[in-house]
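Engineer: Structure provided below as structure tokens; questions to follow.
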Amino acid sequence: MAMDALIATIDRRLPTAPQVYGALRDAIVKLKIGVGQALSENEVAVRLGVSRTPVREAFIRLAATGLIEVQPQRGTYVVKISPRAVRDAQFIRVCLEVGIVREACLKPVPGLVEALRVIIGRQREAADAVDFDTFLNHDEAFHRTMAEAVGRARSWRVIENEKAHMDRVRYLSLPGASPMMHLVSQHEAIVESLARTDFAACEADVRTHLSEILFVLERFQHEMPELFETENGA
């Protein structure tokens, strides 16, 4: 296993397993650990300077989110991107995030619009610097901030748990299929509708923004079939 791609600083003051999970998830989502790559508990543990127990816990969680598969007597491998999982995650995100912006429009949260505009400003800076990793971090912050502001942190955790395959396609799309400034403009539209407490417009903006992934998914299935599971008519 090429472990050079797995880079993380483990904070000994915090639980180790979630940090190992985060490092592995990040590397898989960003294709730094590629499709079909074998994973070794021992190699990961050595690379991150941790025991095998938190690595094993992280593997269990990665398997639950559908990013790796444990094959008895053979090993553990990074799975291909599942188009079905991407579509399911997109459906879940639309349902939950439309509900989130509805609450934000019905009961405006002081300071939320300003906080979201600050995040958008940081996204612009990342886009100008062509910094995909930072851009995606701020993208996550944008959606998470809205959820947490209306008291829906648990809903955001549901989204996080379901969108692993979606995130892989999102990362693939940034170099050109979904230009970063295009996504910034969609975020701006959501915030302006939110600022007017115009739920109908805000809902439409959210649906448009979260539908972007479906267009790039179809494109990448044709352009990079080796990265995707065969759908078998599903």
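By order of appearance in the structure tokens: chains A, B, ..., then residues from 1 within every chain, and ligands from 1 in the order shown.
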Residues of region 9-204 of chain A in alpha helix (DSSP H) according to DSSP, as a PyMOL selection string?
Structural biologist: chain A and resi 16-29+41-48+52-64+83-106+112-128+132-149+153-162+164-173+180-195+199-204
Engineer: With only C-alpha atoms as the counted atoms, please give the residues lying no more than 10 Å from region 89-106 of chain A, apart from itself and same-chain residues fewer than 5 positions off, as an MDAnalysis selection string.
Structural biologist: chainID A and resid 83:84 112:113 143:144 146:152 155:156 158:167 190:191 193:200 202:214
Engineer: Within 12 Å of Asp11 (chain A), counting only C-alpha atoms, which residues show up once you throw out same-chain ones fewer than 6 positions away? Write them as an mmCIF file with N, CA, C and O atoms, in the first residue's frame, please.
Structural biologist:
data_model
loop_
_atom_site.group_PDB
_atom_site.id
_atom_site.type_symbol
_atom_site.label_atom_id
_atom_site.label_comp_id
_atom_site.auth_asym_id
_atom_site.auth_seq_id
_atom_site.Cartn_x
_atom_site.Cartn_y
_atom_site.Cartn_z
ATOM 1 N N ALA A 17 -9.551 7.007 17.311
ATOM 2 C CA ALA A 17 -10.250 6.345 16.206
ATOM 3 C C ALA A 17 -10.939 7.330 15.256
ATOM 4 O O ALA A 17 -10.821 7.185 14.036
ATOM 5 N N PRO A 18 -11.663 8.356 15.760
ATOM 6 C CA PRO A 18 -12.283 9.304 14.830
ATOM 7 C C PRO A 18 -11.262 10.057 13.979
ATOM 8 O O PRO A 18 -11.542 10.399 12.819
ATOM 9 N N GLN A 19 -10.084 10.309 14.538
ATOM 10 C CA GLN A 19 -9.045 10.997 13.776
ATOM 11 C C GLN A 19 -8.476 10.098 12.673
ATOM 12 O O GLN A 19 -8.213 10.557 11.560
ATOM 13 N N VAL A 20 -8.304 8.830 13.002
ATOM 14 C CA VAL A 20 -7.835 7.875 11.992
ATOM 15 C C VAL A 20 -8.877 7.735 10.890
ATOM 16 O O VAL A 20 -8.552 7.747 9.698
ATOM 17 N N LEU A 48 0.511 6.355 10.979
ATOM 18 C CA LEU A 48 -0.086 7.398 11.816
ATOM 19 C C LEU A 48 0.449 7.390 13.240
ATOM 20 O O LEU A 48 0.115 8.263 14.035
ATOM 21 N N GLY A 49 1.242 6.385 13.564
ATOM 22 C CA GLY A 49 1.825 6.323 14.893
ATOM 23 C C GLY A 49 0.812 6.006 15.976
ATOM 24 O O GLY A 49 0.853 6.570 17.076
ATOM 25 N N VAL A 50 -0.096 5.079 15.661
ATOM 26 C CA VAL A 50 -1.138 4.695 16.618
ATOM 27 C C VAL A 50 -1.151 3.171 16.738
ATOM 28 O O VAL A 50 -0.485 2.467 15.977
#
Engineer: Give me the residues within 10 Å of Ser82 (chain A) as a list in words, counting only C-alpha atoms and dropping any in the same chain fewer than 3 places off.
Structural biologist: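 In the requested format, the answer is Gly66, Leu67, Val79, Ala85, Val86, Arg87, Asp88, Ala164, His165, Met166, Arg168, Val169, Leu227, Phe228, Glu229, Thr230 and Glu231 of chain A.
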Engineer: Next, write the just-selected residues to a file, as a compact mmCIF listing (two decimals), in the first residue's frame, keeping all heavy atoms as the atom set.
Structural biologist:
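Saved file result_23.txt follows:
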# COMPACT_ATOMS: atom_id res chain seq x y z
N GLY A 66 -19.51 2.52 3.40
CA GLY A 66 -19.43 2.01 2.03
C GLY A 66 -18.18 2.37 1.28
O GLY A 66 -18.13 2.23 0.05
N LEU A 67 -17.15 2.82 1.96
CA LEU A 67 -15.92 3.21 1.27
C LEU A 67 -14.92 2.07 1.14
O LEU A 67 -14.08 2.09 0.23
CB LEU A 67 -15.25 4.39 1.99
CG LEU A 67 -15.95 5.74 1.84
CD1 LEU A 67 -15.24 6.80 2.68
CD2 LEU A 67 -15.99 6.16 0.37
N VAL A 79 -13.40 0.47 -2.24
CA VAL A 79 -14.37 0.10 -3.27
C VAL A 79 -14.47 1.18 -4.34
O VAL A 79 -14.05 2.32 -4.15
CB VAL A 79 -15.76 -0.16 -2.66
CG1 VAL A 79 -15.70 -1.23 -1.59
CG2 VAL A 79 -16.36 1.13 -2.09
N ALA A 85 -25.28 4.97 -4.54
CA ALA A 85 -25.03 5.65 -3.26
C ALA A 85 -24.96 7.16 -3.45
O ALA A 85 -25.41 7.92 -2.58
CB ALA A 85 -23.74 5.13 -2.64
N VAL A 86 -24.43 7.60 -4.57
CA VAL A 86 -24.38 9.04 -4.86
C VAL A 86 -25.79 9.60 -4.99
O VAL A 86 -26.13 10.64 -4.40
CB VAL A 86 -23.57 9.32 -6.14
CG1 VAL A 86 -23.65 10.82 -6.51
CG2 VAL A 86 -22.11 8.90 -5.97
N ARG A 87 -26.63 8.91 -5.73
CA ARG A 87 -28.00 9.39 -5.93
C ARG A 87 -28.80 9.36 -4.62
O ARG A 87 -29.60 10.26 -4.35
CB ARG A 87 -28.70 8.57 -7.01
CG ARG A 87 -28.06 8.71 -8.40
CD ARG A 87 -28.92 8.06 -9.47
NE ARG A 87 -28.23 8.04 -10.75
CZ ARG A 87 -27.57 6.98 -11.24
NH1 ARG A 87 -27.56 5.85 -10.56
NH2 ARG A 87 -26.96 7.05 -12.40
N ASP A 88 -28.59 8.31 -3.84
CA ASP A 88 -29.29 8.23 -2.56
C ASP A 88 -28.86 9.37 -1.64
O ASP A 88 -29.70 9.99 -0.96
CB ASP A 88 -28.98 6.89 -1.88
CG ASP A 88 -29.76 5.73 -2.47
OD1 ASP A 88 -30.69 5.98 -3.25
OD2 ASP A 88 -29.42 4.57 -2.16
N ALA A 164 -20.48 9.88 1.57
CA ALA A 164 -19.09 9.57 1.26
C ALA A 164 -18.85 9.42 -0.24
O ALA A 164 -17.89 9.98 -0.80
CB ALA A 164 -18.66 8.31 2.00
N HIS A 165 -19.69 8.64 -0.91
CA HIS A 165 -19.52 8.44 -2.35
C HIS A 165 -19.80 9.73 -3.12
O HIS A 165 -19.14 10.04 -4.12
CB HIS A 165 -20.43 7.32 -2.85
CG HIS A 165 -19.94 5.95 -2.47
ND1 HIS A 165 -19.11 5.21 -3.27
CD2 HIS A 165 -20.15 5.20 -1.36
CE1 HIS A 165 -18.83 4.05 -2.68
NE2 HIS A 165 -19.46 4.03 -1.51
N MET A 166 -20.76 10.49 -2.64
CA MET A 166 -21.06 11.79 -3.25
C MET A 166 -19.84 12.70 -3.17
O MET A 166 -19.50 13.41 -4.13
CB MET A 166 -22.26 12.42 -2.53
CG MET A 166 -22.78 13.70 -3.14
SD MET A 166 -24.23 14.28 -2.18
CE MET A 166 -24.75 15.66 -3.21
N ARG A 168 -16.75 11.89 -3.17
CA ARG A 168 -15.72 11.47 -4.11
C ARG A 168 -15.98 12.07 -5.48
O ARG A 168 -15.06 12.53 -6.16
CB ARG A 168 -15.68 9.93 -4.20
CG ARG A 168 -15.31 9.27 -2.89
CD ARG A 168 -15.58 7.78 -2.90
NE ARG A 168 -14.44 7.03 -3.41
CZ ARG A 168 -14.45 5.71 -3.60
NH1 ARG A 168 -15.55 5.02 -3.33
NH2 ARG A 168 -13.39 5.09 -4.05
N VAL A 169 -17.24 12.08 -5.89
CA VAL A 169 -17.59 12.68 -7.18
C VAL A 169 -17.42 14.20 -7.12
O VAL A 169 -16.96 14.83 -8.08
CB VAL A 169 -19.02 12.30 -7.59
CG1 VAL A 169 -19.40 12.97 -8.92
CG2 VAL A 169 -19.16 10.79 -7.72
N LEU A 227 -13.56 3.89 -12.39
CA LEU A 227 -13.73 4.34 -11.01
C LEU A 227 -15.09 3.99 -10.43
O LEU A 227 -15.31 4.14 -9.22
CB LEU A 227 -13.53 5.86 -10.92
CG LEU A 227 -12.16 6.42 -11.29
CD1 LEU A 227 -12.16 7.94 -11.12
CD2 LEU A 227 -11.07 5.79 -10.44
N PHE A 228 -16.02 3.52 -11.27
CA PHE A 228 -17.40 3.36 -10.85
C PHE A 228 -17.87 1.91 -10.88
O PHE A 228 -17.48 1.13 -11.75
CB PHE A 228 -18.32 4.20 -11.74
CG PHE A 228 -18.13 5.68 -11.56
CD1 PHE A 228 -17.16 6.36 -12.27
CD2 PHE A 228 -18.93 6.37 -10.65
CE1 PHE A 228 -16.97 7.73 -12.09
CE2 PHE A 228 -18.76 7.74 -10.47
CZ PHE A 228 -17.77 8.42 -11.19
N GLU A 229 -18.73 1.59 -9.90
CA GLU A 229 -19.38 0.28 -9.92
C GLU A 229 -20.33 0.19 -11.10
O GLU A 229 -20.93 1.18 -11.51
CB GLU A 229 -20.19 0.08 -8.63
CG GLU A 229 -19.37 -0.06 -7.38
CD GLU A 229 -20.24 -0.26 -6.15
OE1 GLU A 229 -21.48 -0.23 -6.29
OE2 GLU A 229 -19.68 -0.40 -5.05
N THR A 230 -20.50 -1.02 -11.63
CA THR A 230 -21.50 -1.27 -12.65
C THR A 230 -22.88 -1.31 -11.97
O THR A 230 -23.05 -1.92 -10.92
CB THR A 230 -21.25 -2.61 -13.36
OG1 THR A 230 -19.93 -2.58 -13.93
CG2 THR A 230 -22.27 -2.84 -14.45
N GLU A 231 -23.83 -0.63 -12.57
CA GLU A 231 -25.13 -0.49 -11.92
C GLU A 231 -26.06 -1.68 -12.11
O GLU A 231 -27.06 -1.83 -11.41
CB GLU A 231 -25.82 0.79 -12.40
CG GLU A 231 -25.03 2.04 -12.01
CD GLU A 231 -25.87 3.29 -12.12
OE1 GLU A 231 -26.75 3.47 -11.27
OE2 GLU A 231 -25.67 4.06 -13.07
Engineer: List as an NGL selection string the protein and nucleic acid residues near region 120-122 of chain A, meaning an atom at most 9 Å away when only C-alpha atoms are counted, but skip any in the same chain fewer than 4 places from it.
Structural biologist: :A and (115-116 or 126-127 or 134-135 or 138-139 or 142 or 184 or 187-188)
Engineer: Kindly save the residues from that selection, with all heavy atoms included, as a tab-separated table (two decimals), in the first residue's frame.
Structural biologist:
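See result_35.tsv below for the written result:
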chain	number	residue	atom	x	y	z
A	115	ALA	N	-22.51	35.17	8.89
A	115	ALA	CA	-21.55	34.07	9.02
A	115	ALA	C	-21.39	33.33	7.69
A	115	ALA	O	-20.27	32.96	7.30
A	115	ALA	CB	-22.00	33.10	10.10
A	116	LEU	N	-22.48	33.12	7.00
A	116	LEU	CA	-22.42	32.43	5.71
A	116	LEU	C	-21.69	33.27	4.67
A	116	LEU	O	-20.94	32.72	3.83
A	116	LEU	CB	-23.83	32.09	5.23
A	116	LEU	CG	-24.60	31.07	6.08
A	116	LEU	CD1	-26.03	30.92	5.58
A	116	LEU	CD2	-23.90	29.72	6.07
A	126	ALA	N	-10.19	30.65	-1.78
A	126	ALA	CA	-9.69	29.31	-2.13
A	126	ALA	C	-9.82	29.05	-3.63
A	126	ALA	O	-8.93	28.44	-4.25
A	126	ALA	CB	-10.45	28.24	-1.35
A	127	ALA	N	-10.93	29.52	-4.22
A	127	ALA	CA	-11.11	29.36	-5.67
A	127	ALA	C	-10.05	30.14	-6.44
A	127	ALA	O	-9.48	29.64	-7.41
A	127	ALA	CB	-12.51	29.83	-6.07
A	134	THR	N	-9.05	23.26	0.45
A	134	THR	CA	-9.59	24.34	1.29
A	134	THR	C	-10.99	24.73	0.84
A	134	THR	O	-11.87	24.99	1.66
A	134	THR	CB	-8.65	25.55	1.27
A	134	THR	OG1	-7.37	25.16	1.77
A	134	THR	CG2	-9.20	26.68	2.13
A	135	PHE	N	-11.19	24.74	-0.48
A	135	PHE	CA	-12.52	25.07	-1.00
A	135	PHE	C	-13.56	24.10	-0.47
A	135	PHE	O	-14.64	24.50	0.00
A	135	PHE	CB	-12.51	25.04	-2.53
A	135	PHE	CG	-13.82	25.44	-3.15
A	135	PHE	CD1	-14.08	26.78	-3.44
A	135	PHE	CD2	-14.81	24.50	-3.42
A	135	PHE	CE1	-15.31	27.15	-3.99
A	135	PHE	CE2	-16.02	24.87	-3.97
A	135	PHE	CZ	-16.27	26.20	-4.26
A	138	HIS	N	-14.44	24.66	3.19
A	138	HIS	CA	-15.37	25.78	3.38
A	138	HIS	C	-16.76	25.44	2.87
A	138	HIS	O	-17.76	25.92	3.41
A	138	HIS	CB	-14.84	27.04	2.70
A	138	HIS	CG	-13.61	27.61	3.35
A	138	HIS	ND1	-13.49	27.75	4.71
A	138	HIS	CD2	-12.44	28.07	2.81
A	138	HIS	CE1	-12.31	28.27	5.00
A	138	HIS	NE2	-11.66	28.47	3.87
A	139	ASP	N	-16.83	24.61	1.84
A	139	ASP	CA	-18.13	24.16	1.35
A	139	ASP	C	-18.85	23.37	2.45
A	139	ASP	O	-20.05	23.58	2.70
A	139	ASP	CB	-17.95	23.29	0.10
A	139	ASP	CG	-19.27	22.89	-0.53
A	139	ASP	OD1	-19.86	21.88	-0.11
A	139	ASP	OD2	-19.74	23.62	-1.42
A	142	PHE	N	-20.11	25.72	5.12
A	142	PHE	CA	-21.29	26.47	4.70
A	142	PHE	C	-22.56	25.70	5.05
A	142	PHE	O	-23.47	26.22	5.71
A	142	PHE	CB	-21.22	26.73	3.19
A	142	PHE	CG	-22.40	27.49	2.64
A	142	PHE	CD1	-22.40	28.88	2.63
A	142	PHE	CD2	-23.50	26.82	2.12
A	142	PHE	CE1	-23.49	29.58	2.11
A	142	PHE	CE2	-24.58	27.51	1.60
A	142	PHE	CZ	-24.58	28.89	1.60
A	184	VAL	N	-19.71	28.83	-5.89
A	184	VAL	CA	-19.77	30.01	-5.03
A	184	VAL	C	-21.01	30.83	-5.36
A	184	VAL	O	-21.73	31.29	-4.46
A	184	VAL	CB	-18.50	30.87	-5.18
A	184	VAL	CG1	-18.69	32.24	-4.52
A	184	VAL	CG2	-17.30	30.15	-4.54
A	187	HIS	N	-24.03	29.31	-3.84
A	187	HIS	CA	-24.09	29.59	-2.40
A	187	HIS	C	-24.59	31.02	-2.16
A	187	HIS	O	-25.38	31.26	-1.24
A	187	HIS	CB	-22.71	29.40	-1.76
A	187	HIS	CG	-22.39	27.98	-1.45
A	187	HIS	ND1	-21.20	27.59	-0.88
A	187	HIS	CD2	-23.10	26.82	-1.64
A	187	HIS	CE1	-21.19	26.28	-0.71
A	187	HIS	NE2	-22.32	25.80	-1.17
A	188	GLU	N	-24.10	31.94	-2.96
A	188	GLU	CA	-24.53	33.33	-2.81
A	188	GLU	C	-26.04	33.46	-3.04
A	188	GLU	O	-26.71	34.22	-2.32
A	188	GLU	CB	-23.76	34.22	-3.78
A	188	GLU	CG	-22.31	34.41	-3.40
A	188	GLU	CD	-21.54	35.23	-4.41
A	188	GLU	OE1	-21.86	35.15	-5.62
A	188	GLU	OE2	-20.60	35.94	-4.01
Engineer: For the strand (DSSP E) assignment from backbone DSSP, which residues of region 40-173 of chain A qualify? Please present them as a PyMOL selection string.
Structural biologist: chain A and resi 68-71+75-78
Engineer: Select, from A:Arg12, A:Arg219, A:Lys107, A:Arg74, the residue with the minimum atom-to-atom distance to Ser173 (chain A), counting only C-alpha atoms.
Structural biologist: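 Among A:Arg12, A:Arg219, A:Lys107, A:Arg74, it is A:Arg219 that comes nearest to Ser173 (chain A).
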Engineer: Quick one: pull the distance between CA of Leu31 (chain A) and CA of Phe215 (chain A), Å, one decimal.
Structural biologist: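 Rounded to one decimal, the two atoms are 20.0 Å apart.
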Engineer: Tell me which protein, DNA and RNA residues are within 9 Å of Ile28 (chain A), counting only C-alpha atoms, leaving out same-chain ones fewer than 4 positions away, and put them as number ranges by chain.
Structural biologist: A: 23-24, 32-35, 67, 78, 168
Engineer: I need the residue nearest Met224 (chain A) from this list: A:Ile81, A:Ala153, A:Val130, A:Leu136. Use only C-alpha atoms for the distance.
Structural biologist: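 Checking each of A:Ile81, A:Ala153, A:Val130, A:Leu136 against Met224 (chain A), counting only C-alpha atoms, the winner is A:Ile81.
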Engineer: Quick one: of A:Arg117, A:Arg52, A:Arg61, A:Arg47, who's nearest to Tyr21 (chain A), counting only C-alpha atoms?
Structural biologist: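 Closest residue, counting only C-alpha atoms: A:Arg61.
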